[in-house]
Amino acid sequence: SRGLGDVYKRQFLDSGISDELLSYDNIPIEDIGFPSRIENCLKKSGICTLRELVLCSTNDLNHIHNLGNKSRNQLESILLEKYNLTIRK
């Protein structure tokens with residue numbers, strides 16, 4: 001089965017999402033420095049790279065099983081600190 005990352009990538013490519021978001025390297029999720037709970041939730045949802053993660057919106061993250069508010073806030077904080085990235089609304 002396809003992961004969510006592939007589904008979102010295809011949807012956004014078809015909708016003309018900016019090349020800037022697609023230009024992020026395929027940094028593996030495990031190299032970003034997320035706590036293991038966040039890393040495992042993302043991987044189980046098929047999001048395995050930074051590029052796949054930046055294609056997600058806040059709404060997309062809300063649908064990831066076992067990724068609660070505290071984990072989402074932590075994820076967003078790490079992305080902002082390390083990469084100056086925010087999750088789309």
# chains A, B, ... in the order shown; residues from 1 in each chain; ligands from 1
>>> residues_around(residues="Gly33 in chain A", least_positions_apart="5", cutoff="12 Å", atoms="only C-alpha atoms", output="list in words")
Ile27, Pro28, Ile38, Glu39, Leu50, Gln74, Leu75, Ser77, Ile78, Leu79, Glu81, Lys82 and Tyr83 of chain A
>>> residues_around(residues="Lys43 in chain A", least_positions_apart="5", cutoff="12 Å", atoms="only C-alpha atoms", output="ChimeraX atom specification")
/A:3-5,28-30,34,36-38,48-50,52-53,64-67
>>> write_last_selection(atoms="all heavy atoms", output="compact mmCIF listing (two decimals), in the first residue's frame")
# COMPACT_ATOMS: atom_id res chain seq x y z
N GLY A 3 2.05 4.98 1.12
CA GLY A 3 2.06 5.78 2.34
C GLY A 3 1.38 7.12 2.10
O GLY A 3 1.18 7.54 0.96
N LEU A 4 1.04 7.79 3.18
CA LEU A 4 0.41 9.11 3.07
C LEU A 4 1.33 10.08 2.35
O LEU A 4 0.87 10.95 1.62
CB LEU A 4 0.08 9.66 4.45
CG LEU A 4 -1.11 9.04 5.16
CD1 LEU A 4 -1.27 9.66 6.54
CD2 LEU A 4 -2.38 9.24 4.36
N GLY A 5 2.64 9.94 2.57
CA GLY A 5 3.59 10.84 1.91
C GLY A 5 3.42 10.82 0.40
O GLY A 5 3.41 11.87 -0.24
N PRO A 28 15.91 12.02 5.95
CA PRO A 28 15.08 11.03 6.64
C PRO A 28 14.54 11.58 7.96
O PRO A 28 15.22 12.34 8.65
CB PRO A 28 16.04 9.86 6.90
CG PRO A 28 17.17 10.07 5.95
CD PRO A 28 17.28 11.55 5.75
N ILE A 29 13.32 11.20 8.28
CA ILE A 29 12.67 11.65 9.51
C ILE A 29 13.56 11.35 10.72
O ILE A 29 13.67 12.16 11.63
CB ILE A 29 11.28 10.97 9.66
CG1 ILE A 29 10.30 11.56 8.64
CG2 ILE A 29 10.73 11.09 11.07
CD1 ILE A 29 9.95 13.01 8.82
N GLU A 30 14.23 10.20 10.71
CA GLU A 30 15.05 9.83 11.87
C GLU A 30 16.27 10.73 12.04
O GLU A 30 16.87 10.77 13.11
CB GLU A 30 15.47 8.35 11.84
CG GLU A 30 16.17 7.91 10.59
CD GLU A 30 15.23 7.38 9.51
OE1 GLU A 30 14.00 7.47 9.66
OE2 GLU A 30 15.76 6.88 8.50
N PHE A 34 13.49 14.26 15.98
CA PHE A 34 12.20 14.16 16.67
C PHE A 34 12.29 13.10 17.76
O PHE A 34 13.03 12.12 17.61
CB PHE A 34 11.08 13.75 15.70
CG PHE A 34 10.71 14.78 14.68
CD1 PHE A 34 10.62 14.43 13.35
CD2 PHE A 34 10.43 16.09 15.05
CE1 PHE A 34 10.27 15.37 12.39
CE2 PHE A 34 10.07 17.03 14.10
CZ PHE A 34 10.00 16.67 12.77
N SER A 36 11.18 9.76 19.64
CA SER A 36 10.82 8.50 18.97
C SER A 36 9.31 8.35 18.77
O SER A 36 8.87 7.79 17.77
CB SER A 36 11.38 7.30 19.72
OG SER A 36 10.92 7.29 21.05
N ARG A 37 8.49 8.87 19.68
CA ARG A 37 7.04 8.77 19.52
C ARG A 37 6.58 9.48 18.24
O ARG A 37 5.80 8.95 17.46
CB ARG A 37 6.33 9.36 20.74
CG ARG A 37 4.82 9.31 20.61
CD ARG A 37 4.14 9.86 21.87
NE ARG A 37 2.71 9.74 21.78
CZ ARG A 37 2.01 8.64 22.04
NH1 ARG A 37 2.65 7.54 22.38
NH2 ARG A 37 0.71 8.63 21.95
N ILE A 38 7.08 10.69 18.03
CA ILE A 38 6.72 11.46 16.83
C ILE A 38 7.25 10.75 15.59
O ILE A 38 6.54 10.60 14.59
CB ILE A 38 7.25 12.90 16.92
CG1 ILE A 38 6.56 13.65 18.06
CG2 ILE A 38 7.08 13.63 15.59
CD1 ILE A 38 7.12 15.03 18.35
N CYS A 48 8.21 9.68 5.65
CA CYS A 48 9.55 9.20 6.00
C CYS A 48 10.66 10.22 5.77
O CYS A 48 11.80 9.98 6.14
CB CYS A 48 9.86 7.92 5.22
SG CYS A 48 8.71 6.59 5.59
N THR A 49 10.34 11.35 5.13
CA THR A 49 11.36 12.36 4.85
C THR A 49 10.84 13.76 5.17
O THR A 49 9.63 13.98 5.29
CB THR A 49 11.76 12.34 3.36
OG1 THR A 49 10.64 12.73 2.57
CG2 THR A 49 12.25 10.97 2.92
N LEU A 50 11.77 14.69 5.30
CA LEU A 50 11.40 16.08 5.55
C LEU A 50 10.55 16.61 4.40
O LEU A 50 9.58 17.34 4.63
CB LEU A 50 12.66 16.94 5.73
CG LEU A 50 12.44 18.43 5.95
CD1 LEU A 50 11.61 18.68 7.20
CD2 LEU A 50 13.77 19.16 6.04
N GLU A 52 8.43 15.02 2.52
CA GLU A 52 7.05 14.53 2.67
C GLU A 52 6.33 15.25 3.80
O GLU A 52 5.14 15.54 3.71
CB GLU A 52 7.06 13.02 2.92
CG GLU A 52 7.51 12.23 1.72
CD GLU A 52 7.73 10.76 2.00
OE1 GLU A 52 7.83 10.36 3.18
OE2 GLU A 52 7.82 10.00 1.02
N LEU A 53 7.08 15.58 4.86
CA LEU A 53 6.47 16.27 5.99
C LEU A 53 6.06 17.70 5.64
O LEU A 53 4.98 18.14 6.01
CB LEU A 53 7.43 16.27 7.18
CG LEU A 53 6.93 16.91 8.47
CD1 LEU A 53 5.61 16.26 8.94
CD2 LEU A 53 7.98 16.81 9.55
N ILE A 64 -3.18 11.99 11.82
CA ILE A 64 -2.19 10.94 12.07
C ILE A 64 -2.48 10.31 13.43
O ILE A 64 -2.52 10.99 14.45
CB ILE A 64 -0.76 11.49 12.02
CG1 ILE A 64 -0.45 11.96 10.59
CG2 ILE A 64 0.25 10.44 12.48
CD1 ILE A 64 0.91 12.58 10.42
N HIS A 65 -2.70 9.01 13.40
CA HIS A 65 -3.05 8.24 14.60
C HIS A 65 -1.96 8.38 15.67
O HIS A 65 -0.78 8.22 15.38
CB HIS A 65 -3.26 6.78 14.22
CG HIS A 65 -3.73 5.92 15.34
ND1 HIS A 65 -4.96 6.09 15.93
CD2 HIS A 65 -3.13 4.90 16.00
CE1 HIS A 65 -5.11 5.20 16.89
NE2 HIS A 65 -4.00 4.46 16.95
N ASN A 66 -2.37 8.69 16.89
CA ASN A 66 -1.51 8.81 18.06
C ASN A 66 -0.57 10.02 18.05
O ASN A 66 0.36 10.10 18.85
CB ASN A 66 -0.68 7.55 18.31
CG ASN A 66 -1.51 6.41 18.82
OD1 ASN A 66 -2.53 6.63 19.48
ND2 ASN A 66 -1.10 5.20 18.51
N LEU A 67 -0.80 10.97 17.14
CA LEU A 67 -0.02 12.21 17.14
C LEU A 67 -0.91 13.30 17.74
O LEU A 67 -1.70 13.93 17.04
CB LEU A 67 0.42 12.58 15.72
CG LEU A 67 1.42 13.72 15.60
CD1 LEU A 67 2.78 13.31 16.18
CD2 LEU A 67 1.59 14.15 14.16
>>> atom_distance(atom1="CA of Arg88 in chain A", atom2="CA of Cys56 in chain A")
6.9 Å
>>> atom_distance(atom1="CA of Gly46 in chain A", atom2="CA of Asn62 in chain A")
14.6 Å
